[in-house]
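To be precise, the following lines are work_14.txt, and they hold compact mmCIF, C-alpha atoms.
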```txt
# COMPACT_ATOMS: atom_id res chain seq x y z
CA MET A 1 111.43 117.20 129.20
CA LYS A 2 108.79 118.78 127.01
CA ASN A 3 105.41 119.51 128.51
CA TYR A 4 103.54 116.84 126.56
CA LYS A 5 99.75 116.86 126.55
CA ILE A 6 98.38 113.47 127.52
CA GLY A 7 95.24 111.98 126.03
CA LEU A 8 93.36 108.69 125.93
CA GLN A 9 92.11 106.93 122.82
CA LEU A 10 88.53 106.23 123.85
CA TYR A 11 88.59 102.91 122.00
CA SER A 12 90.46 101.75 125.09
CA VAL A 13 87.30 102.19 127.18
CA ARG A 14 84.71 101.51 124.50
CA ASP A 15 82.87 99.06 126.77
CA GLU A 16 82.27 101.84 129.27
CA MET A 17 81.49 104.41 126.58
CA ALA A 18 78.77 102.10 125.27
CA LYS A 19 77.13 102.14 128.70
CA ASP A 20 77.40 105.85 129.57
CA VAL A 21 79.40 108.30 127.50
CA LYS A 22 79.30 111.26 129.87
CA ALA A 23 80.08 109.24 133.00
CA THR A 24 83.00 107.57 131.22
CA LEU A 25 84.40 110.88 130.02
CA GLN A 26 84.22 112.18 133.58
CA LYS A 27 86.14 109.14 134.84
CA VAL A 28 88.75 109.61 132.12
CA LYS A 29 89.22 113.19 133.34
CA ASP A 30 89.37 112.07 136.98
CA ILE A 31 92.10 109.56 136.12
CA GLY A 32 94.25 112.42 134.87
CA TYR A 33 93.75 112.68 131.12
CA ASP A 34 93.08 116.14 129.71
CA TYR A 35 92.64 115.11 126.08
CA VAL A 36 90.70 112.40 124.28
CA GLU A 37 90.71 110.83 120.85
CA PHE A 38 87.35 109.57 119.67
CA ALA A 39 86.76 106.26 117.90
CA GLY A 40 83.02 106.39 117.33
CA TYR A 41 80.46 108.89 118.55
CA PHE A 42 77.77 106.63 120.06
CA ASP A 43 74.94 108.32 118.14
CA TYR A 44 75.57 111.71 119.73
CA SER A 45 75.64 114.95 117.81
CA ALA A 46 78.88 116.89 117.74
CA GLU A 47 77.15 119.65 119.68
CA ASP A 48 76.14 117.30 122.49
CA LEU A 49 79.58 115.71 122.72
CA ARG A 50 81.26 119.11 122.73
CA ALA A 51 78.96 120.26 125.53
CA MET A 52 79.91 117.21 127.62
CA LEU A 53 83.61 117.78 126.99
CA ASP A 54 83.41 121.46 127.86
CA GLU A 55 81.51 120.75 131.07
CA ILE A 56 83.97 118.07 132.17
CA GLY A 57 87.09 119.96 131.09
CA LEU A 58 88.31 117.63 128.35
CA THR A 59 89.51 118.49 124.86
CA ALA A 60 88.86 116.25 121.88
CA ILE A 61 92.19 116.67 120.13
CA SER A 62 91.68 113.98 117.51
CA VAL A 63 89.47 111.30 116.03
CA HIS A 64 90.03 107.94 114.40
CA GLN A 65 87.83 108.17 111.36
CA LYS A 66 87.74 106.05 108.21
CA VAL A 67 87.97 107.97 104.98
CA ASP A 68 84.58 106.64 103.84
CA LEU A 69 82.71 109.14 105.99
CA TYR A 70 84.45 112.10 104.36
CA LEU A 71 84.04 110.63 100.89
CA GLU A 72 80.33 110.09 101.47
CA LYS A 73 79.37 113.19 103.45
CA GLY A 74 82.04 115.71 102.55
CA GLN A 75 81.60 119.08 104.25
CA GLU A 76 78.93 117.71 106.58
CA ALA A 77 81.50 115.31 108.06
CA ALA A 78 84.11 118.05 108.29
CA ASP A 79 81.63 120.30 110.09
CA TYR A 80 81.03 117.57 112.66
CA MET A 81 84.76 117.45 113.40
CA LYS A 82 85.05 121.23 113.55
CA THR A 83 82.22 121.38 116.08
CA LEU A 84 83.89 118.64 118.11
CA GLY A 85 87.00 120.81 117.99
CA VAL A 86 89.57 118.27 116.80
CA LYS A 87 92.98 119.21 115.43
CA PHE A 88 93.76 115.80 113.89
CA SER A 89 91.76 113.17 112.01
CA ALA A 90 93.60 109.85 111.64
CA VAL A 91 92.81 106.96 109.34
CA PRO A 92 92.59 104.19 111.98
CA TRP A 93 93.42 101.35 109.57
CA TYR A 94 93.32 100.75 105.87
CA GLU A 95 93.07 97.59 103.83
CA ARG A 96 96.47 96.15 103.08
CA SER A 97 95.02 95.10 99.73
CA LYS A 98 94.73 98.78 98.75
CA LEU A 99 98.21 99.98 99.68
CA ALA A 100 101.30 100.40 97.48
CA GLY A 101 101.96 97.62 94.99
CA THR A 102 98.30 96.66 94.58
CA PRO A 103 95.84 97.38 91.74
CA ASP A 104 93.83 99.65 94.07
CA TRP A 105 96.76 101.84 95.10
CA ASP A 106 96.10 104.57 92.53
CA ASN A 107 92.52 104.86 93.74
CA THR A 108 93.69 104.97 97.34
CA VAL A 109 95.96 107.91 96.48
CA LYS A 110 93.06 109.66 94.76
CA GLU A 111 90.69 109.19 97.71
CA PHE A 112 93.29 110.12 100.32
CA SER A 113 94.10 113.27 98.34
CA GLN A 114 90.42 114.21 98.27
CA VAL A 115 90.02 113.73 102.02
CA SER A 116 93.29 115.49 102.84
CA LYS A 117 92.19 118.53 100.85
CA LEU A 118 88.78 118.63 102.54
CA LEU A 119 90.27 118.40 106.02
CA SER A 120 92.97 120.94 105.28
CA GLU A 121 90.39 123.43 104.05
CA ASN A 122 88.67 123.03 107.41
CA GLY A 123 91.78 123.44 109.54
CA ILE A 124 92.18 119.75 110.39
CA GLN A 125 95.36 117.71 109.85
CA MET A 126 94.87 114.33 108.20
CA CYS A 127 97.00 111.58 109.75
CA TYR A 128 97.52 107.87 109.24
CA HIS A 129 97.60 105.41 112.14
CA ASN A 130 99.67 102.34 111.31
CA HIS A 131 99.52 98.70 112.26
CA ASP A 132 102.37 96.24 111.73
CA PHE A 133 101.46 95.16 108.18
CA GLU A 134 102.54 98.53 106.76
CA PHE A 135 106.09 97.38 107.50
CA ASN A 136 105.86 94.85 104.72
CA THR A 137 107.85 96.06 101.75
CA HIS A 138 107.26 96.97 98.13
CA ASP A 139 110.22 97.77 95.88
CA GLY A 140 112.44 97.56 98.94
CA LYS A 141 110.52 100.16 100.96
CA TYR A 142 108.08 99.86 103.82
CA LEU A 143 104.50 100.40 102.68
CA LEU A 144 104.23 103.07 105.37
CA ASP A 145 107.24 104.96 104.03
CA ILE A 146 105.82 104.85 100.52
CA LEU A 147 102.62 106.43 101.81
CA TYR A 148 104.59 109.27 103.40
CA GLU A 149 106.64 109.76 100.26
CA VAL A 150 103.55 110.11 98.09
CA PHE A 151 101.92 112.45 100.61
CA GLY A 152 104.23 115.15 101.90
CA LYS A 153 104.34 116.98 105.20
CA GLY A 154 101.01 118.58 105.98
CA GLU A 155 99.13 116.42 103.47
CA ILE A 156 99.10 113.21 105.50
CA ASP A 157 101.27 113.09 108.59
CA PRO A 158 102.05 110.10 110.82
CA GLU A 159 100.23 109.17 113.96
CA LEU A 160 102.70 106.41 114.73
CA ASP A 161 101.42 103.58 116.88
CA LEU A 162 104.58 102.51 118.66
CA CYS A 163 103.21 99.10 119.65
CA TRP A 164 102.78 98.07 116.04
CA VAL A 165 106.10 99.59 115.01
CA HIS A 166 107.85 97.48 117.64
CA TYR A 167 105.80 94.35 117.00
CA ALA A 168 106.74 94.58 113.31
CA GLY A 169 110.37 94.22 114.44
CA VAL A 170 111.38 97.87 114.08
CA ASN A 171 112.89 99.91 116.91
CA PRO A 172 110.24 102.55 117.70
CA ALA A 173 112.70 105.02 119.25
CA GLU A 174 114.75 104.97 116.05
CA TYR A 175 111.88 104.90 113.58
CA LEU A 176 109.98 107.85 115.02
CA LEU A 177 113.01 110.06 114.34
CA LYS A 178 112.47 109.47 110.62
CA TYR A 179 109.36 111.65 110.86
CA ALA A 180 110.53 113.96 113.63
CA ASP A 181 109.27 117.10 111.89
CA ARG A 182 106.01 115.60 110.66
CA MET A 183 104.40 114.36 113.86
CA GLY A 184 102.25 116.37 116.22
CA ILE A 185 100.57 113.36 117.81
CA ILE A 186 101.68 109.82 118.64
CA HIS A 187 100.26 106.61 120.15
CA PHE A 188 101.83 105.08 123.24
CA LYS A 189 100.85 101.43 123.61
CA ASP A 190 102.50 98.52 125.42
CA PHE A 191 102.39 94.79 124.76
CA THR A 192 104.04 91.43 125.28
CA CYS A 193 104.55 88.60 122.78
CA LYS A 194 106.58 85.43 122.21
CA ALA A 195 108.35 86.81 119.15
CA LEU A 196 108.34 90.06 117.20
CA GLY A 197 107.07 90.05 113.64
CA GLY A 198 104.74 87.14 114.24
CA GLY A 199 102.09 88.33 111.82
CA PRO A 200 98.59 89.68 112.44
CA VAL A 201 97.27 89.29 115.97
CA TYR A 202 93.97 90.82 114.94
CA ALA A 203 91.54 90.11 112.13
CA LEU A 204 92.28 92.06 108.97
CA VAL A 205 89.42 92.78 106.60
CA ASP A 206 89.22 91.99 102.90
CA ASN A 207 87.56 94.13 100.24
CA SER A 208 84.13 92.76 101.14
CA GLY A 209 84.58 93.52 104.84
CA LYS A 210 85.14 89.90 105.80
CA PRO A 211 87.74 89.27 108.56
CA GLN A 212 90.89 87.58 107.29
CA GLY A 213 93.60 85.86 109.33
CA GLY A 214 94.70 86.79 112.80
CA LYS A 215 96.55 84.37 115.04
CA SER A 216 95.41 83.45 118.54
CA ARG A 217 96.93 84.72 121.77
CA GLU A 218 98.02 81.16 122.49
CA GLU A 219 100.02 81.05 119.25
CA THR A 220 101.70 84.42 119.56
CA GLY A 221 101.70 85.12 123.29
CA PHE A 222 100.55 88.59 122.27
CA GLU A 223 98.76 90.69 124.85
CA PHE A 224 98.15 94.40 125.19
CA ARG A 225 99.34 95.78 128.52
CA PRO A 226 99.10 99.04 130.45
CA LEU A 227 102.08 101.28 129.80
CA GLY A 228 105.22 100.18 131.60
CA GLU A 229 104.06 96.58 131.96
CA GLY A 230 105.24 95.24 128.60
CA LEU A 231 108.16 95.24 126.20
CA GLN A 232 108.30 98.91 125.33
CA ASN A 233 111.31 100.93 126.50
CA PHE A 234 109.49 104.18 127.17
CA PRO A 235 112.48 106.06 128.66
CA GLU A 236 114.34 105.42 125.40
CA ILE A 237 111.27 106.40 123.39
CA LEU A 238 110.86 109.62 125.35
CA GLU A 239 114.51 110.53 124.83
CA ALA A 240 113.98 110.22 121.08
CA LEU A 241 110.61 111.98 121.23
CA GLU A 242 112.32 115.10 122.59
CA LYS A 243 113.83 115.55 119.12
CA THR A 244 110.45 115.61 117.39
CA ASN A 245 107.56 118.04 117.01
CA VAL A 246 105.19 115.77 118.94
CA GLU A 247 102.92 117.70 121.29
CA TYR A 248 100.24 115.13 122.12
CA ILE A 249 100.80 111.63 123.53
CA ILE A 250 97.73 109.42 123.15
CA VAL A 251 97.50 106.33 125.33
CA GLU A 252 95.76 103.33 123.83
CA GLN A 253 95.16 99.78 125.01
CA ASP A 254 93.14 97.89 122.42
CA GLN A 255 92.02 95.22 124.84
CA SER A 256 92.11 94.70 128.58
CA TYR A 257 91.81 91.06 129.54
CA ASP A 258 91.46 90.56 133.29
CA THR A 259 91.42 94.20 134.35
CA PRO A 260 88.57 96.68 133.86
CA SER A 261 89.40 98.99 130.99
CA LEU A 262 89.26 102.16 133.08
CA GLU A 263 91.60 100.62 135.65
CA ALA A 264 94.05 99.72 132.88
CA ALA A 265 93.85 103.31 131.60
CA ALA A 266 94.53 104.55 135.12
CA ARG A 267 97.61 102.33 135.43
CA SER A 268 98.95 103.70 132.16
CA ARG A 269 98.40 107.27 133.37
CA ALA A 270 100.11 106.51 136.67
CA TYR A 271 103.12 105.10 134.82
CA LEU A 272 103.45 108.23 132.70
CA LYS A 273 103.26 110.35 135.85
CA SER A 274 106.12 108.27 137.28
CA LEU A 275 108.15 109.38 134.25
CA GLY A 276 107.30 113.00 134.90
CA LEU A 277 104.47 113.27 132.36
```

Once more with this new file: its structure as structure tokens, please.
Amino acid sequence: MKNYKIGLQLYSVRDEMAKDVKATLQKVKDIGYDYVEFAGYFDYSAEDLRAMLDEIGLTAISVHQKVDLYLEKGQEAADYMKTLGVKFSAVPWYERSKLAGTPDWDNTVKEFSQVSKLLSENGIQMCYHNHDFEFNTHDGKYLLDILYEVFGKGEIDPELDLCWVHYAGVNPAEYLLKYADRMGIIHFKDFTCKALGGGPVYALVDNSGKPQGGKSREETGFEFRPLGEGLQNFPEILEALEKTNVEYIIVEQDQSYDTPSLEAAARSRAYLKSLGL
């Protein structure tokens, strides 16, 4: 098996990060993660965060960052990421109403092109992190596939979230092979539900920023779980992953219900260790 580098998406422990960033980062390291992916910076400068990471022995390999920041602040935003030291910057989500087949799609392509160019010039790979709604189709193709057709390798590459791939009703072990040579980083996430493809289990946002839709846990039976405690077949996924260029596995659990978030992150890390990771 490849020597994958294991990281944690810090959104998973955002409750703890909000209390004490440095103490939480230390606990993440103690659990056994060597890499982190930021989702918010808690009002710290890049220099201060980098100093914490260096002291603790963590590497910020990636960030989840909306394109708006780069569009608004340009090089200033890119400099922040360079100081933090990240290799990847992933769009965490994007309005479904602005993807292929919509009136805003041309503008989306224009803005994504602008951000991709900025990041590339600064040595950072732009990625796109999917949910399940990108597996709706337009002209017989998944919205996600259309995105990766318009933007070639190295322009915008996938950061596939395997939970949402599976929840959309697509086999994650098979789908990830489609982009085997375009992925350096991937999201491992586990879940349970009553039925696949049940529609949004989170609130989407319309053009004005207002939450739209999202079914309840009671309706869908959907719950995020630590790795190895849900529906995902990670041995099968890992067998497929060996055929890709993925180097970094990022663990994410969007919500932890009855278990402290750091404990859930620890259980996920323990499961990966049981698989030899």

Long-range neighbours of A:Lys178 as an NGL selection string, 12 Å cut-off, all atoms listed in the file, 6 positions minimum in chain: :A and (144-145 or 148-149 or 157-158 or 160 or 171-172 or 240-241 or 243-245)

Any idea what's packed within 10 Å of A:Leu262, counting only C-alpha atoms, ignoring anything in its chain fewer than 6 positions away? Could you give it as a ChimeraX atom specification? /A:12-16,24,27-28,31,256,268

File dump, residues just selected, C-alpha atoms, as a PDB file, in the coordinates of the input:
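Writing the result to out_33.pdb gives the following:
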```pdb
ATOM      1  CA  SER A  12      90.460 101.750 125.090  1.00  0.00           C
ATOM      2  CA  VAL A  13      87.300 102.190 127.180  1.00  0.00           C
ATOM      3  CA  ARG A  14      84.710 101.510 124.500  1.00  0.00           C
ATOM      4  CA  ASP A  15      82.870  99.060 126.770  1.00  0.00           C
ATOM      5  CA  GLU A  16      82.270 101.840 129.270  1.00  0.00           C
ATOM      6  CA  THR A  24      83.000 107.570 131.220  1.00  0.00           C
ATOM      7  CA  LYS A  27      86.140 109.140 134.840  1.00  0.00           C
ATOM      8  CA  VAL A  28      88.750 109.610 132.120  1.00  0.00           C
ATOM      9  CA  ILE A  31      92.100 109.560 136.120  1.00  0.00           C
ATOM     10  CA  SER A 256      92.110  94.700 128.580  1.00  0.00           C
ATOM     11  CA  SER A 268      98.950 103.700 132.160  1.00  0.00           C
TER      12      SER A 268
END
```

For A:Asp181, which residue out of A:Val246, A:Ala270, A:Leu238, A:Leu143 is the nearest one, using only C-alpha atoms?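 Among A:Val246, A:Ala270, A:Leu238, A:Leu143, it is A:Val246 that comes nearest to A:Asp181.
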
Pick out the residues sitting within 8 Å of A:Cys127, and hand them over as a PyMOL selection string; count all atoms listed in the file, and ignore anything fewer than 4 positions along from it in its own chain. chain A and resi 88-91+156-159

Using all atoms listed in the file, which of A:Leu162, A:Ala60, A:Ala51, A:Leu99 sits nearest A:Gly85?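 Of A:Leu162, A:Ala60, A:Ala51, A:Leu99, the one nearest A:Gly85, counting all atoms listed in the file, is A:Ala60.
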
Would you mind listing what lies within 12 Å of A:Glu55 as a ChimeraX atom specification, with all atoms listed in the file counted and same-chain residues fewer than 3 positions away left out? /A:22-23,25-26,29,48-52,58-59
